[in-house]
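Asks: input_11.pdb is reproduced below (PDB, C-alpha atoms and all ligand atoms).
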ATOM      1  CA  MET A   4      24.843  -7.978  41.808
ATOM      2  CA  THR A   5      24.723  -4.600  40.099
ATOM      3  CA  GLU A   6      21.448  -3.611  38.553
ATOM      4  CA  GLU A   7      21.648  -2.685  34.876
ATOM      5  CA  SER A   8      20.162   0.680  34.013
ATOM      6  CA  PRO A   9      17.770   0.985  31.067
ATOM      7  CA  ILE A  10      19.375   1.699  27.693
ATOM      8  CA  ILE A  11      16.587   4.212  26.986
ATOM      9  CA  GLU A  12      14.602   6.026  29.653
ATOM     10  CA  LEU A  13      11.943   8.701  29.207
ATOM     11  CA  LYS A  14      10.828  10.755  32.190
ATOM     12  CA  ASN A  15       7.764  12.981  31.768
ATOM     13  CA  LEU A  16       8.706  13.533  28.136
ATOM     14  CA  THR A  17       6.469  16.122  26.514
ATOM     15  CA  LYS A  18       6.323  17.487  22.983
ATOM     16  CA  VAL A  19       4.215  20.490  22.131
ATOM     17  CA  TYR A  20       4.248  21.563  18.478
ATOM     18  CA  LYS A  21       3.947  25.305  18.143
ATOM     19  CA  ASN A  22       3.118  26.476  14.644
ATOM     20  CA  GLY A  23       0.422  29.038  15.258
ATOM     21  CA  VAL A  24      -1.747  26.764  17.364
ATOM     22  CA  GLU A  25      -0.144  24.664  20.062
ATOM     23  CA  PHE A  26      -0.558  20.920  19.833
ATOM     24  CA  ARG A  27       0.446  18.597  22.663
ATOM     25  CA  ALA A  28       1.539  15.479  20.764
ATOM     26  CA  LEU A  29       3.186  13.793  23.783
ATOM     27  CA  ASP A  30       2.105  14.529  27.342
ATOM     28  CA  ASN A  31       4.407  13.373  30.163
ATOM     29  CA  VAL A  32       5.453  10.030  28.686
ATOM     30  CA  ASN A  33       7.373   7.681  30.989
ATOM     31  CA  LEU A  34       9.055   4.634  29.493
ATOM     32  CA  LYS A  35      11.999   2.394  30.264
ATOM     33  CA  ILE A  36      13.584   0.152  27.646
ATOM     34  CA  GLU A  37      16.098  -2.341  28.968
ATOM     35  CA  ARG A  38      19.215  -3.460  27.134
ATOM     36  CA  GLY A  39      18.359  -6.311  24.759
ATOM     37  CA  GLU A  40      14.637  -5.661  24.895
ATOM     38  CA  PHE A  41      12.645  -5.647  21.646
ATOM     39  CA  VAL A  42       9.895  -3.048  21.812
ATOM     40  CA  ALA A  43       7.126  -2.118  19.378
ATOM     41  CA  ILE A  44       5.367   1.229  19.731
ATOM     42  CA  VAL A  45       1.784   0.810  18.536
ATOM     43  CA  GLY A  46      -1.165   3.178  18.511
ATOM     44  CA  PRO A  47      -3.752   4.843  16.299
ATOM     45  CA  SER A  48      -2.775   7.312  13.590
ATOM     46  CA  GLY A  49      -1.915  10.666  15.160
ATOM     47  CA  SER A  50      -1.252   9.206  18.611
ATOM     48  CA  GLY A  51       2.373  10.378  18.566
ATOM     49  CA  LYS A  52       4.432   7.339  17.501
ATOM     50  CA  SER A  53       6.548   9.223  14.970
ATOM     51  CA  THR A  54       6.945  12.135  17.383
ATOM     52  CA  LEU A  55       8.204   9.705  20.031
ATOM     53  CA  MET A  56      10.607   8.015  17.604
ATOM     54  CA  HIS A  57      11.967  11.383  16.450
ATOM     55  CA  LEU A  58      12.717  12.318  20.065
ATOM     56  CA  ILE A  59      14.340   8.954  20.898
ATOM     57  CA  GLY A  60      16.296   9.091  17.614
ATOM     58  CA  LEU A  61      17.556  12.584  18.549
ATOM     59  CA  LEU A  62      16.057  14.038  15.404
ATOM     60  CA  ASP A  63      13.853  16.476  17.347
ATOM     61  CA  THR A  64      13.978  18.002  20.810
ATOM     62  CA  PRO A  65      11.366  17.587  23.551
ATOM     63  CA  SER A  66       9.498  20.583  24.991
ATOM     64  CA  SER A  67      10.093  19.305  28.522
ATOM     65  CA  GLY A  68      11.069  16.180  30.411
ATOM     66  CA  THR A  69      14.179  14.056  30.372
ATOM     67  CA  LEU A  70      15.493  11.529  27.868
ATOM     68  CA  LEU A  71      18.343   9.286  28.947
ATOM     69  CA  ILE A  72      20.243   7.188  26.432
ATOM     70  CA  ASP A  73      22.606   4.802  28.166
ATOM     71  CA  LYS A  74      22.369   6.940  31.335
ATOM     72  CA  ASN A  75      23.318  10.149  29.476
ATOM     73  CA  ASP A  76      20.799  12.972  29.593
ATOM     74  CA  VAL A  77      20.488  13.909  25.934
ATOM     75  CA  THR A  78      18.288  16.934  26.709
ATOM     76  CA  LYS A  79      21.422  18.598  28.107
ATOM     77  CA  MET A  80      23.728  17.723  25.206
ATOM     78  CA  SER A  81      25.313  20.184  22.792
ATOM     79  CA  ASP A  82      24.762  19.776  19.036
ATOM     80  CA  LYS A  83      28.174  18.154  18.760
ATOM     81  CA  GLU A  84      27.421  15.613  21.508
ATOM     82  CA  LEU A  85      24.052  14.864  19.911
ATOM     83  CA  SER A  86      25.735  14.227  16.550
ATOM     84  CA  GLU A  87      28.237  11.887  18.186
ATOM     85  CA  THR A  88      25.485   9.965  19.988
ATOM     86  CA  ARG A  89      23.521   9.638  16.721
ATOM     87  CA  ASN A  90      26.657   8.404  14.981
ATOM     88  CA  ARG A  91      27.891   5.955  17.619
ATOM     89  CA  THR A  92      24.963   4.819  19.743
ATOM     90  CA  LEU A  93      21.797   4.894  17.654
ATOM     91  CA  GLY A  94      20.586   3.147  14.554
ATOM     92  CA  PHE A  95      17.482   4.423  12.821
ATOM     93  CA  VAL A  96      15.727   2.702   9.906
ATOM     94  CA  PHE A  97      13.442   5.237   8.245
ATOM     95  CA  GLN A  98      10.186   4.362   6.537
ATOM     96  CA  TYR A  99      11.614   6.106   3.473
ATOM     97  CA  HIS A 100      15.378   5.677   3.121
ATOM     98  CA  HIS A 101      17.608   8.708   3.550
ATOM     99  CA  LEU A 102      20.565   7.494   1.540
ATOM    100  CA  LEU A 103      22.936   9.702  -0.442
ATOM    101  CA  PRO A 104      21.710   9.335  -4.065
ATOM    102  CA  ASP A 105      25.057  10.064  -5.746
ATOM    103  CA  PHE A 106      27.020   7.577  -3.668
ATOM    104  CA  THR A 107      27.153   3.807  -4.127
ATOM    105  CA  ALA A 108      25.805   1.333  -1.580
ATOM    106  CA  LEU A 109      29.340   0.796  -0.300
ATOM    107  CA  GLU A 110      30.027   4.519   0.024
ATOM    108  CA  ASN A 111      26.697   5.088   1.814
ATOM    109  CA  VAL A 112      27.598   2.484   4.442
ATOM    110  CA  MET A 113      31.145   3.829   4.716
ATOM    111  CA  MET A 114      30.003   7.391   5.387
ATOM    112  CA  PRO A 115      29.084   7.115   9.106
ATOM    113  CA  LEU A 116      32.238   5.042   9.692
ATOM    114  CA  LEU A 117      34.415   7.765   8.159
ATOM    115  CA  ILE A 118      32.585  10.401  10.213
ATOM    116  CA  SER A 119      33.273   8.385  13.377
ATOM    117  CA  GLY A 120      37.006   8.560  12.644
ATOM    118  CA  LYS A 121      37.775   5.283  10.841
ATOM    119  CA  ASN A 122      40.238   5.563   7.968
ATOM    120  CA  ARG A 123      39.273   4.666   4.398
ATOM    121  CA  LYS A 124      40.718   1.157   4.551
ATOM    122  CA  GLU A 125      39.005   0.260   7.845
ATOM    123  CA  ALA A 126      35.720   1.808   6.705
ATOM    124  CA  THR A 127      35.840  -0.143   3.424
ATOM    125  CA  GLU A 128      36.495  -3.427   5.215
ATOM    126  CA  ILE A 129      33.708  -2.950   7.766
ATOM    127  CA  ALA A 130      31.213  -1.714   5.151
ATOM    128  CA  GLU A 131      31.965  -4.679   2.846
ATOM    129  CA  LYS A 132      31.465  -7.094   5.743
ATOM    130  CA  LEU A 133      28.148  -5.471   6.714
ATOM    131  CA  LEU A 134      26.874  -5.489   3.136
ATOM    132  CA  LYS A 135      27.743  -9.175   2.834
ATOM    133  CA  GLU A 136      25.821  -9.872   6.042
ATOM    134  CA  VAL A 137      22.632  -8.440   4.533
ATOM    135  CA  GLY A 138      23.165 -10.180   1.175
ATOM    136  CA  LEU A 139      24.136  -7.070  -0.760
ATOM    137  CA  GLU A 140      27.646  -8.144  -1.734
ATOM    138  CA  ASN A 141      26.719  -8.042  -5.422
ATOM    139  CA  ARG A 142      25.201  -4.553  -5.168
ATOM    140  CA  MET A 143      28.052  -2.651  -3.551
ATOM    141  CA  ASP A 144      28.641  -0.452  -6.600
ATOM    142  CA  HIS A 145      24.968   0.325  -7.163
ATOM    143  CA  ARG A 146      23.460   3.661  -6.219
ATOM    144  CA  PRO A 147      20.302   3.749  -4.061
ATOM    145  CA  GLY A 148      18.161   4.536  -7.134
ATOM    146  CA  GLU A 149      19.319   1.278  -8.709
ATOM    147  CA  LEU A 150      18.256  -0.859  -5.735
ATOM    148  CA  SER A 151      14.856  -2.236  -4.727
ATOM    149  CA  GLY A 152      13.007  -0.753  -1.719
ATOM    150  CA  GLY A 153      13.844  -3.733   0.475
ATOM    151  CA  ARG A 154      17.519  -3.497  -0.417
ATOM    152  CA  THR A 155      17.684   0.210   0.461
ATOM    153  CA  ARG A 156      16.409  -0.757   3.925
ATOM    154  CA  GLY A 157      19.208  -3.312   4.162
ATOM    155  CA  LEU A 158      21.649  -0.459   3.615
ATOM    156  CA  GLN A 159      20.334   1.466   6.583
TER     157      GLN A 159
HETATM  158  N1  LIG A 201       5.362  19.312  12.863
HETATM  159  C1  LIG A 201       4.162  19.228  13.432
HETATM  160  N2  LIG A 201       3.469  20.346  13.727
HETATM  161  C2  LIG A 201       2.259  20.291  14.316
HETATM  162  N3  LIG A 201       1.639  19.147  14.664
HETATM  163  C3  LIG A 201       2.269  18.011  14.385
HETATM  164  C4  LIG A 201       3.560  17.977  13.751
HETATM  165  N4  LIG A 201       3.930  16.688  13.597
HETATM  166  C5  LIG A 201       2.930  15.941  14.109
HETATM  167  N5  LIG A 201       1.930  16.722  14.583
HETATM  168  C6  LIG A 201       0.696  16.272  15.226
HETATM  169  O1  LIG A 201       1.054  15.516  16.376
HETATM  170  C7  LIG A 201       0.212  14.365  16.478
HETATM  171  C8  LIG A 201       1.070  13.113  16.489
HETATM  172  O2  LIG A 201       1.650  12.948  15.207
HETATM  173  P1  LIG A 201       2.589  11.727  14.860
HETATM  174  O3  LIG A 201       3.088  11.967  13.480
HETATM  175  O4  LIG A 201       3.588  11.555  15.937
HETATM  176  O5  LIG A 201       1.534  10.527  14.920
HETATM  177  P2  LIG A 201       1.719   8.974  14.517
HETATM  178  O6  LIG A 201       1.258   8.187  15.714
HETATM  179  O7  LIG A 201       3.079   8.741  14.035
HETATM  180  O8  LIG A 201       0.659   8.817  13.351
HETATM  181  P3  LIG A 201       0.695   7.807  12.055
HETATM  182  O9  LIG A 201       0.301   6.443  12.566
HETATM  183  O10 LIG A 201      -0.358   8.386  11.168
HETATM  184  O11 LIG A 201       2.065   7.866  11.458
HETATM  185  C9  LIG A 201      -0.766  14.415  15.307
HETATM  186  O12 LIG A 201      -1.981  14.963  15.752
HETATM  187  C10 LIG A 201      -0.090  15.348  14.327
HETATM  188  O13 LIG A 201      -1.017  16.056  13.561
HETATM  189 MG    MG A 202       3.857   8.123  12.132
END
What would you get if you wrote out this structure as structure tokens?
Ligand SMILES: Nc1ncnc2c1ncn2[C@@H]1O[C@H](COP(=O)(O)OP(=O)(O)OP(=O)(O)O)[C@@H](O)[C@H]1O
Ligand SMILES: [Mg+2]

Replies:
Amino acid sequence: MTEESPIIELKNLTKVYKNGVEFRALDNVNLKIERGEFVAIVGPSGSGKSTLMHLIGLLDTPSSGTLLIDKNDVTKMSDKELSETRNRTLGFVFQYHHLLPDFTALENVMMPLLISGKNRKEATEIAEKLLKEVGLENRMDHRPGELSGGRTRGLQ
């Protein structure tokens, strides 16, 4: 039997913010998240949860240590490889939505599909299916500003 490797693995991950004074927000964090696992990161305000999520979401870079996503060392990736991993491998639901305000719900969901190389027809079909799945089939032509907070999270 082959042993499955973790989908996310952090080895001695450290983040030091350096704006004038140095602040060690994460100090040698080790964590393994297995495929299919459901994990909640909890801790007091200022303990580094958002910092950790920004590193795992490839939105910020660690000061030292290793971060493996599906066995790939993301700390060694180029900007292009990071963008591809964000597009294809990761999903990130922000506390405040980061949707494109001038695009409709459908167009917002189509955007990452088009970036990943799908053509317009394929992207439309997949986006319509996904919007139906989250009960937004009647809101496809609405812009984010015309949707409720909960619905904007559905779009992400
Ligand atoms: N850009 C930054 N520059 C300097 N220090 C920062 C920066 N971002 C966060 N910090 C500091 O790093 C520590 C961890 O912050 P972080 O935002 O990760 O905490 P958190 O656990 O998400 O807190 P909360 O529960 O309040 O959201 C805090 O002390 C914070 O002040
Ligand atoms: Mg936070």

Asks: Once the PyMOL selection byres (((chain A and resi 147) around 7) and not hetatm) has been applied to the shown file, what residues remain in the selection, as a PDB file with C-alpha atoms, in the frame of the given file?

Replies:
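Written out: expr_20.pdb:
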ATOM      1  CA  LEU A 102      20.565   7.494   1.540  1.00  0.00           C
ATOM      2  CA  PRO A 104      21.710   9.335  -4.065  1.00  0.00           C
ATOM      3  CA  THR A 107      27.153   3.807  -4.127  1.00  0.00           C
ATOM      4  CA  ALA A 108      25.805   1.333  -1.580  1.00  0.00           C
ATOM      5  CA  HIS A 145      24.968   0.325  -7.163  1.00  0.00           C
ATOM      6  CA  ARG A 146      23.460   3.661  -6.219  1.00  0.00           C
ATOM      7  CA  GLY A 148      18.161   4.536  -7.134  1.00  0.00           C
ATOM      8  CA  GLU A 149      19.319   1.278  -8.709  1.00  0.00           C
ATOM      9  CA  LEU A 150      18.256  -0.859  -5.735  1.00  0.00           C
ATOM     10  CA  THR A 155      17.684   0.210   0.461  1.00  0.00           C
TER      11      THR A 155
END

Asks: Once the PyMOL selection byres (((not hetatm)) within 7 of (chain A and resi 201)) has been evaluated on this model, what residues remain selected, and can you format them as a list in words?

Replies: Tyr20, Lys21, Asn22, Phe26, Ala28, Gly46, Pro47, Ser48, Gly49, Ser50, Gly51, Lys52, Ser53, Thr54 and Leu55 of chain A

Asks: If you keep C-alpha atoms, can you produce a file of those selected residues as a PDB file, in the frame of the given file?

Replies:
ATOM      1  CA  TYR A  20       4.248  21.563  18.478  1.00  0.00           C
ATOM      2  CA  LYS A  21       3.947  25.305  18.143  1.00  0.00           C
ATOM      3  CA  ASN A  22       3.118  26.476  14.644  1.00  0.00           C
ATOM      4  CA  PHE A  26      -0.558  20.920  19.833  1.00  0.00           C
ATOM      5  CA  ALA A  28       1.539  15.479  20.764  1.00  0.00           C
ATOM      6  CA  GLY A  46      -1.165   3.178  18.511  1.00  0.00           C
ATOM      7  CA  PRO A  47      -3.752   4.843  16.299  1.00  0.00           C
ATOM      8  CA  SER A  48      -2.775   7.312  13.590  1.00  0.00           C
ATOM      9  CA  GLY A  49      -1.915  10.666  15.160  1.00  0.00           C
ATOM     10  CA  SER A  50      -1.252   9.206  18.611  1.00  0.00           C
ATOM     11  CA  GLY A  51       2.373  10.378  18.566  1.00  0.00           C
ATOM     12  CA  LYS A  52       4.432   7.339  17.501  1.00  0.00           C
ATOM     13  CA  SER A  53       6.548   9.223  14.970  1.00  0.00           C
ATOM     14  CA  THR A  54       6.945  12.135  17.383  1.00  0.00           C
ATOM     15  CA  LEU A  55       8.204   9.705  20.031  1.00  0.00           C
TER      16      LEU A  55
END

Asks: Using the chain letters and numbering of this document, enumerate as a list of chain:residue names the residues selected by the PyMOL selection byres (((chain A and resi 93-99) around 10) and not hetatm).

Replies: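 Given this file, the PyMOL selection byres (((chain A and resi 93-99) around 10) and not hetatm) evaluates to A:Met56, A:His57, A:Ile59, A:Gly60, A:Leu61, A:Ile72, A:Glu87, A:Thr88, A:Arg89, A:Asn90, A:Arg91, A:Thr92, A:His100, A:His101, A:Leu102, A:Gly152, A:Thr155, A:Arg156, A:Gly157, A:Leu158, A:Gln159.
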
Asks: As lines of an AutoDock Vina configuration file, please report the centre and edge lengths, rounded to one decimal in Å, of the axis-aligned box that holds all listed atoms of region 74-92 of chain A with 8 Å of padding on each of the six sides.

Replies:
center_x = 23.3
center_y = 12.5
center_z = 23.2
size_x = 25.9
size_y = 31.4
size_z = 32.4

Asks: Would you please work out which residue, of A:Lys132, A:Arg154, A:Lys124, A:Lys74, is nearest to Glu37 (chain A) when using all atoms listed in the file?

Replies: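 Smallest separation from Glu37 (chain A) among the options: A:Lys74.
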
Asks: Looking at only C-alpha atoms and all ligand atoms, which of A:Ile44, A:Val137, A:Val32, A:Lys18 is the one that sits closest to ligand MG 202 (chain A)?

Replies: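 Of A:Ile44, A:Val137, A:Val32, A:Lys18, the one nearest ligand MG 202 (chain A) is A:Ile44, counting only C-alpha atoms and all ligand atoms.
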
Asks: For a test of reading the model, state the distance in Å between CA of Leu58 (chain A) and CA of Asp105 (chain A), rounded to one decimal.

Replies: 28.7 Å

Asks: Could you check how far CA of Arg27 (chain A) sits from CA of Thr64 (chain A), in Å to one decimal?

Replies: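 Pair CA of Arg27 (chain A) / CA of Thr64 (chain A) returns 13.7 Å.
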
Asks: So the first atom is CA of Ser67 (chain A) and the second is CA of Gly23 (chain A); what is the distance between them in Å, to one decimal place?

Replies: 19.1 Å

Asks: For Met143 (chain A), which residue among A:Ala130, A:Leu13, A:Leu116, A:Leu109 is the nearest when counting only C-alpha atoms?

Replies: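 Using only C-alpha atoms, Met143 (chain A) sits closest to A:Leu109.
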
Asks: Find, counting only C-alpha atoms and all ligand atoms, the residue in A:Val45, A:Val24, A:Val112, A:Leu103 that gets nearest to ligand MG 202 (chain A).

Replies: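 Answer, going by the shortest atom-to-atom distance: A:Val45.
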
Asks: Working from the structure I just supplied, which lacks atoms in region 117-135 of chain A, can you model N, CA and C atoms there and output them as a compact mmCIF listing (two decimals), in the frame of the given file?

Replies:
# COMPACT_ATOMS: atom_id res chain seq x y z
N LEU A 117 33.39 6.73 8.38
CA LEU A 117 34.42 7.76 8.16
C LEU A 117 34.19 8.93 9.12
N ILE A 118 32.91 9.29 9.31
CA ILE A 118 32.58 10.40 10.21
C ILE A 118 33.03 10.06 11.64
N SER A 119 32.90 8.77 12.01
CA SER A 119 33.27 8.38 13.38
C SER A 119 34.78 8.26 13.55
N GLY A 120 35.55 8.50 12.49
CA GLY A 120 37.01 8.56 12.64
C GLY A 120 37.77 7.38 12.06
N LYS A 121 37.07 6.41 11.46
CA LYS A 121 37.78 5.28 10.84
C LYS A 121 38.47 5.78 9.56
N ASN A 122 39.60 5.17 9.23
CA ASN A 122 40.24 5.56 7.97
C ASN A 122 39.57 4.82 6.81
N ARG A 123 39.95 5.19 5.59
CA ARG A 123 39.27 4.67 4.40
C ARG A 123 39.34 3.14 4.31
N LYS A 124 40.51 2.61 4.65
CA LYS A 124 40.72 1.16 4.55
C LYS A 124 39.81 0.42 5.55
N GLU A 125 39.83 0.89 6.80
CA GLU A 125 39.01 0.26 7.84
C GLU A 125 37.53 0.37 7.47
N ALA A 126 37.13 1.57 7.04
CA ALA A 126 35.72 1.81 6.70
C ALA A 126 35.28 0.90 5.57
N THR A 127 36.17 0.73 4.56
CA THR A 127 35.84 -0.14 3.42
C THR A 127 35.65 -1.58 3.90
N GLU A 128 36.57 -2.04 4.74
CA GLU A 128 36.49 -3.43 5.22
C GLU A 128 35.21 -3.69 6.00
N ILE A 129 34.90 -2.76 6.93
CA ILE A 129 33.71 -2.95 7.77
C ILE A 129 32.44 -2.88 6.90
N ALA A 130 32.40 -1.89 6.00
CA ALA A 130 31.21 -1.71 5.15
C ALA A 130 31.00 -2.94 4.25
N GLU A 131 32.09 -3.49 3.71
CA GLU A 131 31.96 -4.68 2.85
C GLU A 131 31.42 -5.86 3.65
N LYS A 132 31.91 -6.00 4.88
CA LYS A 132 31.46 -7.09 5.74
C LYS A 132 29.96 -6.94 6.05
N LEU A 133 29.56 -5.72 6.38
CA LEU A 133 28.15 -5.47 6.71
C LEU A 133 27.25 -5.72 5.51
N LEU A 134 27.69 -5.28 4.34
CA LEU A 134 26.87 -5.49 3.14
C LEU A 134 26.74 -6.98 2.81
N LYS A 135 27.81 -7.72 3.04
CA LYS A 135 27.74 -9.18 2.83
C LYS A 135 26.73 -9.80 3.78
